[in-house]
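Just protein_6.pdb here, PDB, C-alpha atoms:
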MODEL        1
ATOM      1  CA  MET A  11      80.778  85.171  96.488
ATOM      2  CA  GLN A  12      81.586  84.399  92.896
ATOM      3  CA  LEU A  13      84.587  83.685  90.748
ATOM      4  CA  GLY A  14      85.126  86.207  87.967
ATOM      5  CA  GLU A  15      84.114  85.331  84.413
ATOM      6  CA  GLY A  16      87.840  85.333  83.664
ATOM      7  CA  VAL A  17      88.139  81.904  85.283
ATOM      8  CA  GLU A  18      85.720  80.356  82.798
ATOM      9  CA  TRP A  19      87.422  82.111  79.886
ATOM     10  CA  ALA A  20      90.885  81.096  81.083
ATOM     11  CA  LEU A  21      89.981  77.434  81.520
ATOM     12  CA  HIS A  22      88.471  77.342  78.036
ATOM     13  CA  CYS A  23      91.474  79.135  76.528
ATOM     14  CA  CYS A  24      93.907  76.769  78.221
ATOM     15  CA  SER A  25      91.949  73.787  76.865
ATOM     16  CA  VAL A  26      92.288  75.195  73.365
ATOM     17  CA  LEU A  27      95.966  76.064  73.871
ATOM     18  CA  ALA A  28      96.518  72.435  74.914
ATOM     19  CA  LEU A  29      95.739  71.516  71.280
ATOM     20  CA  VAL A  30      98.426  73.784  69.802
ATOM     21  CA  PRO A  31     101.277  71.729  68.282
ATOM     22  CA  ALA A  32     104.799  72.141  69.645
ATOM     23  CA  GLY A  33     106.539  75.246  68.311
ATOM     24  CA  ARG A  34     103.282  76.937  67.358
ATOM     25  CA  THR A  35     101.121  79.546  69.107
ATOM     26  CA  LEU A  36      97.629  80.978  69.036
ATOM     27  CA  SER A  37      97.038  84.726  69.186
ATOM     28  CA  ALA A  38      94.883  86.482  71.784
ATOM     29  CA  ALA A  39      92.658  87.669  68.925
ATOM     30  CA  ARG A  40      92.129  84.080  67.736
ATOM     31  CA  LEU A  41      91.340  82.911  71.261
ATOM     32  CA  ALA A  42      88.822  85.745  71.651
ATOM     33  CA  GLU A  43      87.271  84.876  68.289
ATOM     34  CA  PHE A  44      86.953  81.193  69.131
ATOM     35  CA  HIS A  45      85.209  81.907  72.428
ATOM     36  CA  GLY A  46      83.148  84.864  71.245
ATOM     37  CA  VAL A  47      84.435  87.089  74.054
ATOM     38  CA  PRO A  48      85.768  90.683  73.987
ATOM     39  CA  GLY A  49      89.431  90.700  73.025
ATOM     40  CA  ALA A  50      90.517  93.493  75.375
ATOM     41  CA  TYR A  51      89.117  91.762  78.456
ATOM     42  CA  LEU A  52      90.502  88.404  77.422
ATOM     43  CA  ALA A  53      93.954  89.910  76.823
ATOM     44  CA  LYS A  54      94.063  90.990  80.468
ATOM     45  CA  HIS A  55      93.304  87.453  81.645
ATOM     46  CA  LEU A  56      95.858  85.940  79.238
ATOM     47  CA  GLN A  57      98.486  88.293  80.628
ATOM     48  CA  ALA A  58      97.662  87.103  84.140
ATOM     49  CA  LEU A  59      98.082  83.491  82.990
ATOM     50  CA  ALA A  60     101.419  84.360  81.382
ATOM     51  CA  GLN A  61     102.615  86.194  84.478
ATOM     52  CA  ALA A  62     101.812  83.146  86.591
ATOM     53  CA  GLY A  63     103.762  80.884  84.244
ATOM     54  CA  VAL A  64     100.733  78.916  83.044
ATOM     55  CA  ILE A  65     101.018  80.077  79.446
ATOM     56  CA  HIS A  66     103.946  81.443  77.531
ATOM     57  CA  SER A  67     103.848  84.551  75.376
ATOM     58  CA  VAL A  68     105.868  84.386  72.165
ATOM     59  CA  PRO A  69     106.554  87.889  70.804
ATOM     60  CA  GLY A  70     106.644  88.875  67.143
ATOM     61  CA  ARG A  71     104.367  89.034  64.127
ATOM     62  CA  LYS A  72     103.810  85.285  64.161
ATOM     63  CA  GLY A  73     103.761  85.230  67.960
ATOM     64  CA  GLY A  74     100.983  84.394  70.354
ATOM     65  CA  TYR A  75     100.354  82.133  73.275
ATOM     66  CA  ARG A  76     101.085  78.493  74.065
ATOM     67  CA  LEU A  77     100.952  76.489  77.293
ATOM     68  CA  ALA A  78     104.128  76.998  79.304
ATOM     69  CA  ARG A  79     104.259  73.271  80.143
ATOM     70  CA  PRO A  80     102.579  70.065  78.962
ATOM     71  CA  ALA A  81      98.837  70.020  79.698
ATOM     72  CA  ALA A  82      99.328  67.084  82.064
ATOM     73  CA  ASP A  83     101.610  69.250  84.227
ATOM     74  CA  ILE A  84      99.226  72.201  84.687
ATOM     75  CA  THR A  85      96.481  71.930  87.272
ATOM     76  CA  LEU A  86      93.151  73.732  87.231
ATOM     77  CA  LEU A  87      94.194  75.270  90.544
ATOM     78  CA  GLU A  88      97.154  76.993  88.862
ATOM     79  CA  VAL A  89      94.830  78.501  86.269
ATOM     80  CA  ILE A  90      92.407  79.747  88.915
ATOM     81  CA  ASP A  91      95.132  81.083  91.203
ATOM     82  CA  ALA A  92      96.639  82.935  88.233
ATOM     83  CA  LEU A  93      93.345  84.755  87.739
ATOM     84  CA  GLU A  94      92.192  85.159  91.320
ATOM     85  CA  GLY A  95      95.525  85.709  93.049
ATOM     86  CA  GLY A  96      95.546  82.547  95.146
ATOM     87  CA  GLY A  97      94.651  84.256  98.417
ATOM     88  CA  PRO A  98      92.200  82.706 100.875
ATOM     89  CA  VAL A  99      88.499  83.037 100.098
ATOM     90  CA  PHE A 100      87.719  83.459 103.780
ATOM     91  CA  ARG A 101      89.828  86.181 105.339
ATOM     92  CA  CYS A 102      89.843  86.166 109.122
ATOM     93  CA  THR A 103      90.001  89.737 110.414
ATOM     94  CA  GLU A 104      90.505  88.534 113.992
ATOM     95  CA  ILE A 105      87.308  90.063 115.329
ATOM     96  CA  ARG A 106      87.888  87.927 118.413
ATOM     97  CA  ARG A 107      90.423  90.598 119.415
ATOM     98  CA  ARG A 108      87.757  93.286 119.553
ATOM     99  CA  GLY A 109      84.997  93.976 122.030
ATOM    100  CA  PRO A 110      84.729  93.608 125.801
ATOM    101  CA  ALA A 111      86.147  90.047 125.968
ATOM    102  CA  ARG A 112      89.409  90.873 124.220
ATOM    103  CA  VAL A 113      92.561  89.925 126.094
ATOM    104  CA  ALA A 114      96.289  90.609 125.753
ATOM    105  CA  ALA A 115      97.809  89.719 122.363
ATOM    106  CA  SER A 116      99.924  87.008 124.021
ATOM    107  CA  GLU A 117      96.718  85.127 124.916
ATOM    108  CA  TYR A 118      95.899  84.447 121.252
ATOM    109  CA  ARG A 119      98.313  81.560 120.945
ATOM    110  CA  ASN A 120      95.997  79.363 118.849
ATOM    111  CA  PRO A 121      94.558  80.441 115.530
ATOM    112  CA  CYS A 122      90.820  81.105 115.691
ATOM    113  CA  ALA A 123      88.842  77.863 115.411
ATOM    114  CA  ILE A 124      86.469  79.574 112.974
ATOM    115  CA  ASP A 125      89.318  80.484 110.649
ATOM    116  CA  ARG A 126      90.718  76.954 110.937
ATOM    117  CA  ALA A 127      87.386  75.417 109.961
ATOM    118  CA  MET A 128      87.056  77.743 106.985
ATOM    119  CA  GLN A 129      90.617  77.045 105.838
ATOM    120  CA  ARG A 130      90.025  73.275 106.068
ATOM    121  CA  ALA A 131      87.121  73.679 103.652
ATOM    122  CA  GLU A 132      89.254  75.752 101.292
ATOM    123  CA  GLU A 133      91.964  73.135 101.391
ATOM    124  CA  ALA A 134      89.396  70.558 100.248
ATOM    125  CA  TRP A 135      88.430  72.845  97.340
ATOM    126  CA  ARG A 136      92.045  73.498  96.414
ATOM    127  CA  ALA A 137      92.966  69.821  96.717
ATOM    128  CA  GLU A 138      90.225  68.877  94.267
ATOM    129  CA  LEU A 139      91.356  71.531  91.761
ATOM    130  CA  GLY A 140      95.002  70.671  92.316
ATOM    131  CA  ARG A 141      94.338  67.018  91.504
ATOM    132  CA  MET A 142      92.933  67.760  88.053
ATOM    133  CA  THR A 143      95.211  68.793  85.213
ATOM    134  CA  LEU A 144      94.468  70.385  81.862
ATOM    135  CA  GLY A 145      95.349  66.954  80.450
ATOM    136  CA  ASP A 146      92.537  65.345  82.464
ATOM    137  CA  LEU A 147      90.208  68.126  81.381
ATOM    138  CA  LEU A 148      91.052  67.586  77.729
ATOM    139  CA  GLN A 149      90.305  63.888  78.100
ATOM    140  CA  GLU A 150      86.914  64.654  79.687
ATOM    141  CA  LEU A 151      86.163  67.185  76.952
ATOM    142  CA  SER A 152      87.075  64.713  74.231
ATOM    143  CA  VAL A 153      84.448  62.242  75.416
ATOM    144  CA  SER A 154      81.739  64.759  76.386
ATOM    145  CA  VAL A 155      81.818  67.251  73.507
ATOM    146  CA  SER A 156      79.586  66.281  70.592
ATOM    147  CA  PRO A 157      81.358  64.927  67.473
ATOM    148  CA  VAL A 158      79.832  67.764  65.432
ATOM    149  CA  ALA A 159      81.400  70.373  67.717
ATOM    150  CA  ILE A 160      84.733  68.543  67.667
ATOM    151  CA  ARG A 161      84.700  68.588  63.847
ATOM    152  CA  LYS A 162      83.887  72.306  63.772
ATOM    153  CA  THR A 163      86.629  72.996  66.291
ATOM    154  CA  ALA A 164      89.136  70.969  64.239
ATOM    155  CA  THR A 165      88.238  72.903  61.068
ATOM    156  CA  TRP A 166      88.615  76.262  62.814
ATOM    157  CA  PHE A 167      91.843  75.096  64.377
ATOM    158  CA  GLU A 168      93.418  74.027  61.076
ATOM    159  CA  GLU A 169      92.594  77.409  59.626
ATOM    160  CA  ALA A 170      94.031  79.191  62.656
ATOM    161  CA  MET A 171      97.242  77.158  62.461
ATOM    162  CA  ARG A 172      97.913  78.026  58.826
TER     163      ARG A 172
ATOM    164  CA  MET B  19      87.173  86.029  95.073
ATOM    165  CA  GLN B  20      86.390  86.585  98.707
ATOM    166  CA  LEU B  21      83.634  85.831 101.158
ATOM    167  CA  GLY B  22      82.072  88.929 102.703
ATOM    168  CA  GLU B  23      83.033  89.996 106.216
ATOM    169  CA  GLY B  24      79.478  89.034 107.170
ATOM    170  CA  VAL B  25      80.483  85.363 107.123
ATOM    171  CA  GLU B  26      83.096  85.904 109.840
ATOM    172  CA  TRP B  27      80.676  88.000 111.899
ATOM    173  CA  ALA B  28      77.857  85.496 111.487
ATOM    174  CA  LEU B  29      79.981  82.509 112.517
ATOM    175  CA  HIS B  30      81.174  84.372 115.612
ATOM    176  CA  CYS B  31      77.634  85.501 116.469
ATOM    177  CA  CYS B  32      76.270  81.977 116.084
ATOM    178  CA  SER B  33      79.027  80.681 118.385
ATOM    179  CA  VAL B  34      77.954  83.200 121.028
ATOM    180  CA  LEU B  35      74.260  82.467 120.484
ATOM    181  CA  ALA B  36      75.040  78.793 121.086
ATOM    182  CA  LEU B  37      75.813  79.763 124.697
ATOM    183  CA  VAL B  38      72.412  81.395 125.284
ATOM    184  CA  PRO B  39      70.325  79.317 127.736
ATOM    185  CA  ALA B  40      66.952  77.905 126.592
ATOM    186  CA  GLY B  41      64.191  80.496 126.678
ATOM    187  CA  ARG B  42      66.616  83.435 126.594
ATOM    188  CA  THR B  43      67.869  85.645 123.759
ATOM    189  CA  LEU B  44      70.668  88.074 122.981
ATOM    190  CA  SER B  45      69.952  91.373 121.239
ATOM    191  CA  ALA B  46      71.571  92.526 118.016
ATOM    192  CA  ALA B  47      73.053  95.462 119.962
ATOM    193  CA  ARG B  48      74.663  93.094 122.475
ATOM    194  CA  LEU B  49      76.064  90.919 119.694
ATOM    195  CA  ALA B  50      77.502  94.005 117.987
ATOM    196  CA  GLU B  51      78.986  95.175 121.292
ATOM    197  CA  PHE B  52      80.606  91.818 122.006
ATOM    198  CA  HIS B  53      82.237  91.650 118.591
ATOM    199  CA  GLY B  54      83.095  95.332 118.293
ATOM    200  CA  VAL B  55      81.334  95.627 114.931
ATOM    201  CA  PRO B  56      78.875  98.255 113.611
ATOM    202  CA  GLY B  57      75.344  97.407 114.750
ATOM    203  CA  ALA B  58      73.579  98.428 111.545
ATOM    204  CA  TYR B  59      75.711  96.173 109.346
ATOM    205  CA  LEU B  60      75.481  93.290 111.776
ATOM    206  CA  ALA B  61      71.679  93.658 111.953
ATOM    207  CA  LYS B  62      71.492  93.023 108.201
ATOM    208  CA  HIS B  63      73.488  89.810 108.540
ATOM    209  CA  LEU B  64      71.424  88.659 111.538
ATOM    210  CA  GLN B  65      68.272  89.199 109.493
ATOM    211  CA  ALA B  66      69.718  87.007 106.741
ATOM    212  CA  LEU B  67      70.457  84.287 109.297
ATOM    213  CA  ALA B  68      66.911  84.562 110.658
ATOM    214  CA  GLN B  69      65.396  84.431 107.183
ATOM    215  CA  ALA B  70      67.360  81.251 106.451
ATOM    216  CA  GLY B  71      66.112  79.648 109.664
ATOM    217  CA  VAL B  72      69.519  79.499 111.333
ATOM    218  CA  ILE B  73      68.602  81.863 114.151
ATOM    219  CA  HIS B  74      65.229  82.830 115.541
ATOM    220  CA  SER B  75      64.101  86.378 116.203
ATOM    221  CA  VAL B  76      62.008  86.866 119.335
ATOM    222  CA  PRO B  77      60.084  90.170 119.187
ATOM    223  CA  GLY B  78      59.385  92.486 122.105
ATOM    224  CA  ARG B  79      61.222  94.646 124.590
ATOM    225  CA  LYS B  80      63.039  91.648 126.076
ATOM    226  CA  GLY B  81      63.382  90.056 122.660
ATOM    227  CA  GLY B  82      66.454  89.287 120.613
ATOM    228  CA  TYR B  83      68.024  86.365 118.852
ATOM    229  CA  ARG B  84      68.627  82.721 119.676
ATOM    230  CA  LEU B  85      69.698  79.743 117.565
ATOM    231  CA  ALA B  86      66.706  78.272 115.764
ATOM    232  CA  ARG B  87      67.909  74.725 116.564
ATOM    233  CA  PRO B  88      70.492  73.067 118.820
ATOM    234  CA  ALA B  89      74.068  74.002 117.884
ATOM    235  CA  ALA B  90      74.782  70.368 116.985
ATOM    236  CA  ASP B  91      72.067  70.548 114.310
ATOM    237  CA  ILE B  92      73.334  73.646 112.495
ATOM    238  CA  THR B  93      76.211  73.287 110.051
ATOM    239  CA  LEU B  94      78.714  75.960 109.088
ATOM    240  CA  LEU B  95      77.456  75.536 105.536
ATOM    241  CA  GLU B  96      73.980  76.683 106.564
ATOM    242  CA  VAL B  97      75.443  79.820 108.137
ATOM    243  CA  ILE B  98      77.494  80.608 105.041
ATOM    244  CA  ASP B  99      74.667  79.869 102.623
ATOM    245  CA  ALA B 100      72.397  82.150 104.671
ATOM    246  CA  LEU B 101      74.834  85.017 104.126
ATOM    247  CA  GLU B 102      76.050  84.258 100.612
ATOM    248  CA  GLY B 103      72.878  82.901  99.052
ATOM    249  CA  GLY B 104      74.069  79.348  98.461
ATOM    250  CA  GLY B 105      74.573  79.746  94.711
ATOM    251  CA  PRO B 106      77.583  78.253  92.952
ATOM    252  CA  VAL B 107      80.890  80.112  93.236
ATOM    253  CA  PHE B 108      81.754  79.226  89.656
ATOM    254  CA  ARG B 109      78.959  80.158  87.270
ATOM    255  CA  CYS B 110      79.233  78.587  83.856
ATOM    256  CA  THR B 111      77.981  81.023  81.221
ATOM    257  CA  GLU B 112      78.199  78.369  78.514
ATOM    258  CA  ILE B 113      80.768  80.192  76.427
ATOM    259  CA  ARG B 114      81.172  76.901  74.544
ATOM    260  CA  ARG B 115      77.957  77.903  72.735
ATOM    261  CA  ARG B 116      79.568  81.024  71.295
ATOM    262  CA  GLY B 117      82.088  81.518  68.551
ATOM    263  CA  PRO B 118      82.757  79.728  65.260
ATOM    264  CA  ALA B 119      82.639  76.178  66.687
ATOM    265  CA  ARG B 120      79.162  76.498  68.193
ATOM    266  CA  VAL B 121      76.675  73.858  67.109
ATOM    267  CA  ALA B 122      72.920  73.318  67.413
ATOM    268  CA  ALA B 123      71.546  73.436  70.978
ATOM    269  CA  SER B 124      70.631  69.758  70.750
ATOM    270  CA  GLU B 125      74.332  68.883  70.450
ATOM    271  CA  TYR B 126      75.046  70.099  74.000
ATOM    272  CA  ARG B 127      73.743  66.964  75.663
ATOM    273  CA  ASN B 128      76.513  66.743  78.285
ATOM    274  CA  PRO B 129      77.256  69.507  80.752
ATOM    275  CA  CYS B 130      80.540  71.272  80.032
ATOM    276  CA  ALA B 131      83.468  69.312  81.472
ATOM    277  CA  ILE B 132      84.939  72.565  82.799
ATOM    278  CA  ASP B 133      81.782  73.335  84.749
ATOM    279  CA  ARG B 134      81.686  69.753  86.060
ATOM    280  CA  ALA B 135      85.270  69.976  87.318
ATOM    281  CA  MET B 136      84.566  73.287  89.044
ATOM    282  CA  GLN B 137      81.379  71.954  90.640
ATOM    283  CA  ARG B 138      83.220  68.875  91.947
ATOM    284  CA  ALA B 139      85.627  71.201  93.739
ATOM    285  CA  GLU B 140      82.750  73.209  95.195
ATOM    286  CA  GLU B 141      81.104  70.027  96.394
ATOM    287  CA  ALA B 142      84.310  69.191  98.292
ATOM    288  CA  TRP B 143      84.201  72.657  99.917
ATOM    289  CA  ARG B 144      80.523  72.362 100.760
ATOM    290  CA  ALA B 145      80.936  68.810 102.077
ATOM    291  CA  GLU B 146      83.635  69.953 104.484
ATOM    292  CA  LEU B 147      81.491  72.841 105.744
ATOM    293  CA  GLY B 148      78.403  70.643 105.866
ATOM    294  CA  ARG B 149      80.187  68.119 108.066
ATOM    295  CA  MET B 150      81.011  70.636 110.776
ATOM    296  CA  THR B 151      78.308  71.915 113.115
ATOM    297  CA  LEU B 152      78.203  74.892 115.445
ATOM    298  CA  GLY B 153      78.427  72.279 118.209
ATOM    299  CA  ASP B 154      81.757  71.041 116.831
ATOM    300  CA  LEU B 155      82.928  74.616 116.502
ATOM    301  CA  LEU B 156      82.038  75.383 120.119
ATOM    302  CA  GLN B 157      84.017  72.362 121.235
ATOM    303  CA  GLU B 158      87.046  73.502 119.219
ATOM    304  CA  LEU B 159      86.699  77.021 120.608
ATOM    305  CA  SER B 160      86.472  75.749 124.181
ATOM    306  CA  VAL B 161      89.872  74.052 123.915
ATOM    307  CA  SER B 162      91.617  76.691 121.784
ATOM    308  CA  VAL B 163      90.479  79.968 123.381
ATOM    309  CA  SER B 164      92.688  81.110 126.267
ATOM    310  CA  PRO B 165      91.232  80.626 129.788
ATOM    311  CA  VAL B 166      91.537  84.387 130.362
ATOM    312  CA  ALA B 167      89.371  85.128 127.326
ATOM    313  CA  ILE B 168      86.865  82.461 128.379
ATOM    314  CA  ARG B 169      86.559  84.088 131.831
ATOM    315  CA  LYS B 170      86.056  87.534 130.314
ATOM    316  CA  THR B 171      83.458  86.159 127.919
ATOM    317  CA  ALA B 172      81.636  84.442 130.796
ATOM    318  CA  THR B 173      81.592  87.667 132.826
ATOM    319  CA  TRP B 174      80.242  89.687 129.904
ATOM    320  CA  PHE B 175      77.712  86.961 129.198
ATOM    321  CA  GLU B 176      76.355  86.864 132.768
ATOM    322  CA  GLU B 177      75.878  90.623 132.632
ATOM    323  CA  ALA B 178      74.149  90.393 129.234
ATOM    324  CA  MET B 179      71.803  87.662 130.486
ATOM    325  CA  ARG B 180      70.617  89.678 133.520
TER     326      ARG B 180
ENDMDL
END
Can the structure in the file be given as structure tokens, please?
Amino acid sequence: MQLGEGVEWALHCCSVLALVPAGRTLSAARLAEFHGVPGAYLAKHLQALAQAGVIHSVPGRKGGYRLARPAADITLLEVIDALEGGGPVFRCTEIRRRGPARVAASEYRNPCAIDRAMQRAEEAWRAELGRMTLGDLLQELSVSVSPVAIRKTATWFEEAMR
Amino acid sequence: MQLGEGVEWALHCCSVLALVPAGRTLSAARLAEFHGVPGAYLAKHLQALAQAGVIHSVPGRKGGYRLARPAADITLLEVIDALEGGGPVFRCTEIRRRGPARVAASEYRNPCAIDRAMQRAEEAWRAELGRMTLGDLLQELSVSVSPVAIRKTATWFEEAMR
């Protein structure tokens, strides 16, 4: 089981979009350039983020993307759910209702204990991702990224904002 | 992102194997019959469980499978890792090292904050699954499964153990 590469791309893009000043945007092409990823693939993921209300698409020649809300109000979970659909990772197919020990449908009053255990674990995963916002992420990035990389990013960013 | 159906099958099979008396086994065919799943597919998953040391394969005409250790000593995480390989769900491909803001390799002293956040969430998921044993699961099943289904399971089981 693995998350798609889109999740990594989306989290990086949202971190960069968190730096965009109010009233401005960054184009899909610029985001692809900054991350060195194929534009067509990235565009698909950006559209998913826009559809989920994580980022906002501004149309027009000077248009592009910006975060739909302040970075402190967008959780990592929202970004991941936008890309992955938000459905459960473990999907119970109720195999308990097959085979020689199956009983009448009315006997399955309680959800399967196996499904419950798996969903508890997913809730722990989701809770952790739901606790962290893009704002928190930006703060962690600001102290963990090397000053040289921050300077290069700032230079690129100024150019992109012109 | 979704776990394979093998995880559901394996957790159900391990719950049934937990009922097998000491010195006895249950065949792959019997396990497939009980769960109403295709034998060939299930065999593959049982082999993965055996390879990971979760279940033990006893060769011979009267052979079959049994849990490799007491149910209270096997966690759900071990079962899932046996099937899914145990690798991280989020795989950081270090896209921060691409694009115009990339810097010398020596500048990437800290792991990417995005990867760290994702791994923290996975640790929460793994911790939850690592806390729960097949013994706990059996206890939950014994109080949540309907008495009718328990009787039918017991009848099938007696027959299978003959």
Just so the selection is clear, what residues does the ChimeraX specification (/B :<7) & /A cover here, as a PyMOL selection string? chain A and resi 11-13+18+43-46+94+99-100+102+105-106+108-113+117-118+120+123+131-132+134-135+138-139+147+150-151+154+156+159+162-163
Let me see the file: selected residues, C-alpha atoms, as an mmCIF file, keeping the file's coordinate frame.
data_model
loop_
_atom_site.group_PDB
_atom_site.id
_atom_site.type_symbol
_atom_site.label_atom_id
_atom_site.label_comp_id
_atom_site.auth_asym_id
_atom_site.auth_seq_id
_atom_site.Cartn_x
_atom_site.Cartn_y
_atom_site.Cartn_z
ATOM 1 C CA MET A 11 80.778 85.171 96.488
ATOM 2 C CA GLN A 12 81.586 84.399 92.896
ATOM 3 C CA LEU A 13 84.587 83.685 90.748
ATOM 4 C CA GLU A 18 85.720 80.356 82.798
ATOM 5 C CA GLU A 43 87.271 84.876 68.289
ATOM 6 C CA PHE A 44 86.953 81.193 69.131
ATOM 7 C CA HIS A 45 85.209 81.907 72.428
ATOM 8 C CA GLY A 46 83.148 84.864 71.245
ATOM 9 C CA GLU A 94 92.192 85.159 91.320
ATOM 10 C CA VAL A 99 88.499 83.037 100.098
ATOM 11 C CA PHE A 100 87.719 83.459 103.780
ATOM 12 C CA CYS A 102 89.843 86.166 109.122
ATOM 13 C CA ILE A 105 87.308 90.063 115.329
ATOM 14 C CA ARG A 106 87.888 87.927 118.413
ATOM 15 C CA ARG A 108 87.757 93.286 119.553
ATOM 16 C CA GLY A 109 84.997 93.976 122.030
ATOM 17 C CA PRO A 110 84.729 93.608 125.801
ATOM 18 C CA ALA A 111 86.147 90.047 125.968
ATOM 19 C CA ARG A 112 89.409 90.873 124.220
ATOM 20 C CA VAL A 113 92.561 89.925 126.094
ATOM 21 C CA GLU A 117 96.718 85.127 124.916
ATOM 22 C CA TYR A 118 95.899 84.447 121.252
ATOM 23 C CA ASN A 120 95.997 79.363 118.849
ATOM 24 C CA ALA A 123 88.842 77.863 115.411
ATOM 25 C CA ALA A 131 87.121 73.679 103.652
ATOM 26 C CA GLU A 132 89.254 75.752 101.292
ATOM 27 C CA ALA A 134 89.396 70.558 100.248
ATOM 28 C CA TRP A 135 88.430 72.845 97.340
ATOM 29 C CA GLU A 138 90.225 68.877 94.267
ATOM 30 C CA LEU A 139 91.356 71.531 91.761
ATOM 31 C CA LEU A 147 90.208 68.126 81.381
ATOM 32 C CA GLU A 150 86.914 64.654 79.687
ATOM 33 C CA LEU A 151 86.163 67.185 76.952
ATOM 34 C CA SER A 154 81.739 64.759 76.386
ATOM 35 C CA SER A 156 79.586 66.281 70.592
ATOM 36 C CA ALA A 159 81.400 70.373 67.717
ATOM 37 C CA LYS A 162 83.887 72.306 63.772
ATOM 38 C CA THR A 163 86.629 72.996 66.291
#
Rounded to one decimal place, report the CA of Val30 in chain A-CA of Lys72 in chain A distance in Å.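 CA of Val30 in chain A sits 13.9 Å away from CA of Lys72 in chain A.
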Go ahead and compute the interatomic distance for CA of Ala62 in chain A and CA of Thr143 in chain A, in Å to one decimal. 15.9 Å
Minimum-distance residue to Pro88 in chain B, chosen among B:Thr43, B:Val72, B:Leu64, B:Glu176 (using only C-alpha atoms):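 Using only C-alpha atoms, Pro88 in chain B sits closest to B:Val72.
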Can you spit out range 32-45 of chain A with N, CA and C atoms, as a PDB file, in the first residue's frame, from the structure just given?
ATOM      1  N   ALA A  32      -1.021  38.047  -0.520  1.00  0.00           N
ATOM      2  CA  ALA A  32      -2.458  38.219  -0.760  1.00  0.00           C
ATOM      3  C   ALA A  32      -2.684  38.887  -2.112  1.00  0.00           C
ATOM      4  N   GLY A  33      -3.686  38.422  -2.847  1.00  0.00           N
ATOM      5  CA  GLY A  33      -4.012  39.024  -4.133  1.00  0.00           C
ATOM      6  C   GLY A  33      -3.161  38.526  -5.283  1.00  0.00           C
ATOM      7  N   ARG A  34      -2.154  37.733  -5.005  1.00  0.00           N
ATOM      8  CA  ARG A  34      -1.305  37.206  -6.068  1.00  0.00           C
ATOM      9  C   ARG A  34      -1.549  35.702  -6.242  1.00  0.00           C
ATOM     10  N   THR A  35      -0.995  35.153  -7.316  1.00  0.00           N
ATOM     11  CA  THR A  35      -1.121  33.712  -7.582  1.00  0.00           C
ATOM     12  C   THR A  35       0.197  33.180  -8.132  1.00  0.00           C
ATOM     13  N   LEU A  36       0.246  31.863  -8.259  1.00  0.00           N
ATOM     14  CA  LEU A  36       1.394  31.214  -8.882  1.00  0.00           C
ATOM     15  C   LEU A  36       0.815  30.229  -9.902  1.00  0.00           C
ATOM     16  N   SER A  37       1.389  30.216 -11.101  1.00  0.00           N
ATOM     17  CA  SER A  37       0.814  29.357 -12.144  1.00  0.00           C
ATOM     18  C   SER A  37       1.236  27.901 -11.951  1.00  0.00           C
ATOM     19  N   ALA A  38       0.456  27.003 -12.544  1.00  0.00           N
ATOM     20  CA  ALA A  38       0.783  25.571 -12.510  1.00  0.00           C
ATOM     21  C   ALA A  38       2.161  25.339 -13.125  1.00  0.00           C
ATOM     22  N   ALA A  39       2.463  26.089 -14.195  1.00  0.00           N
ATOM     23  CA  ALA A  39       3.756  25.920 -14.872  1.00  0.00           C
ATOM     24  C   ALA A  39       4.906  26.301 -13.940  1.00  0.00           C
ATOM     25  N   ARG A  40       4.716  27.391 -13.180  1.00  0.00           N
ATOM     26  CA  ARG A  40       5.741  27.826 -12.227  1.00  0.00           C
ATOM     27  C   ARG A  40       5.925  26.804 -11.111  1.00  0.00           C
ATOM     28  N   LEU A  41       4.812  26.263 -10.633  1.00  0.00           N
ATOM     29  CA  LEU A  41       4.887  25.250  -9.570  1.00  0.00           C
ATOM     30  C   LEU A  41       5.604  23.998 -10.070  1.00  0.00           C
ATOM     31  N   ALA A  42       5.335  23.625 -11.316  1.00  0.00           N
ATOM     32  CA  ALA A  42       6.000  22.454 -11.906  1.00  0.00           C
ATOM     33  C   ALA A  42       7.492  22.725 -12.054  1.00  0.00           C
ATOM     34  N   GLU A  43       7.812  23.938 -12.494  1.00  0.00           N
ATOM     35  CA  GLU A  43       9.220  24.328 -12.673  1.00  0.00           C
ATOM     36  C   GLU A  43       9.958  24.262 -11.332  1.00  0.00           C
ATOM     37  N   PHE A  44       9.346  24.855 -10.317  1.00  0.00           N
ATOM     38  CA  PHE A  44      10.016  24.916  -9.013  1.00  0.00           C
ATOM     39  C   PHE A  44      10.311  23.529  -8.462  1.00  0.00           C
ATOM     40  N   HIS A  45       9.387  22.577  -8.707  1.00  0.00           N
ATOM     41  CA  HIS A  45       9.565  21.249  -8.133  1.00  0.00           C
ATOM     42  C   HIS A  45      10.189  20.243  -9.094  1.00  0.00           C
TER      43      HIS A  45
END
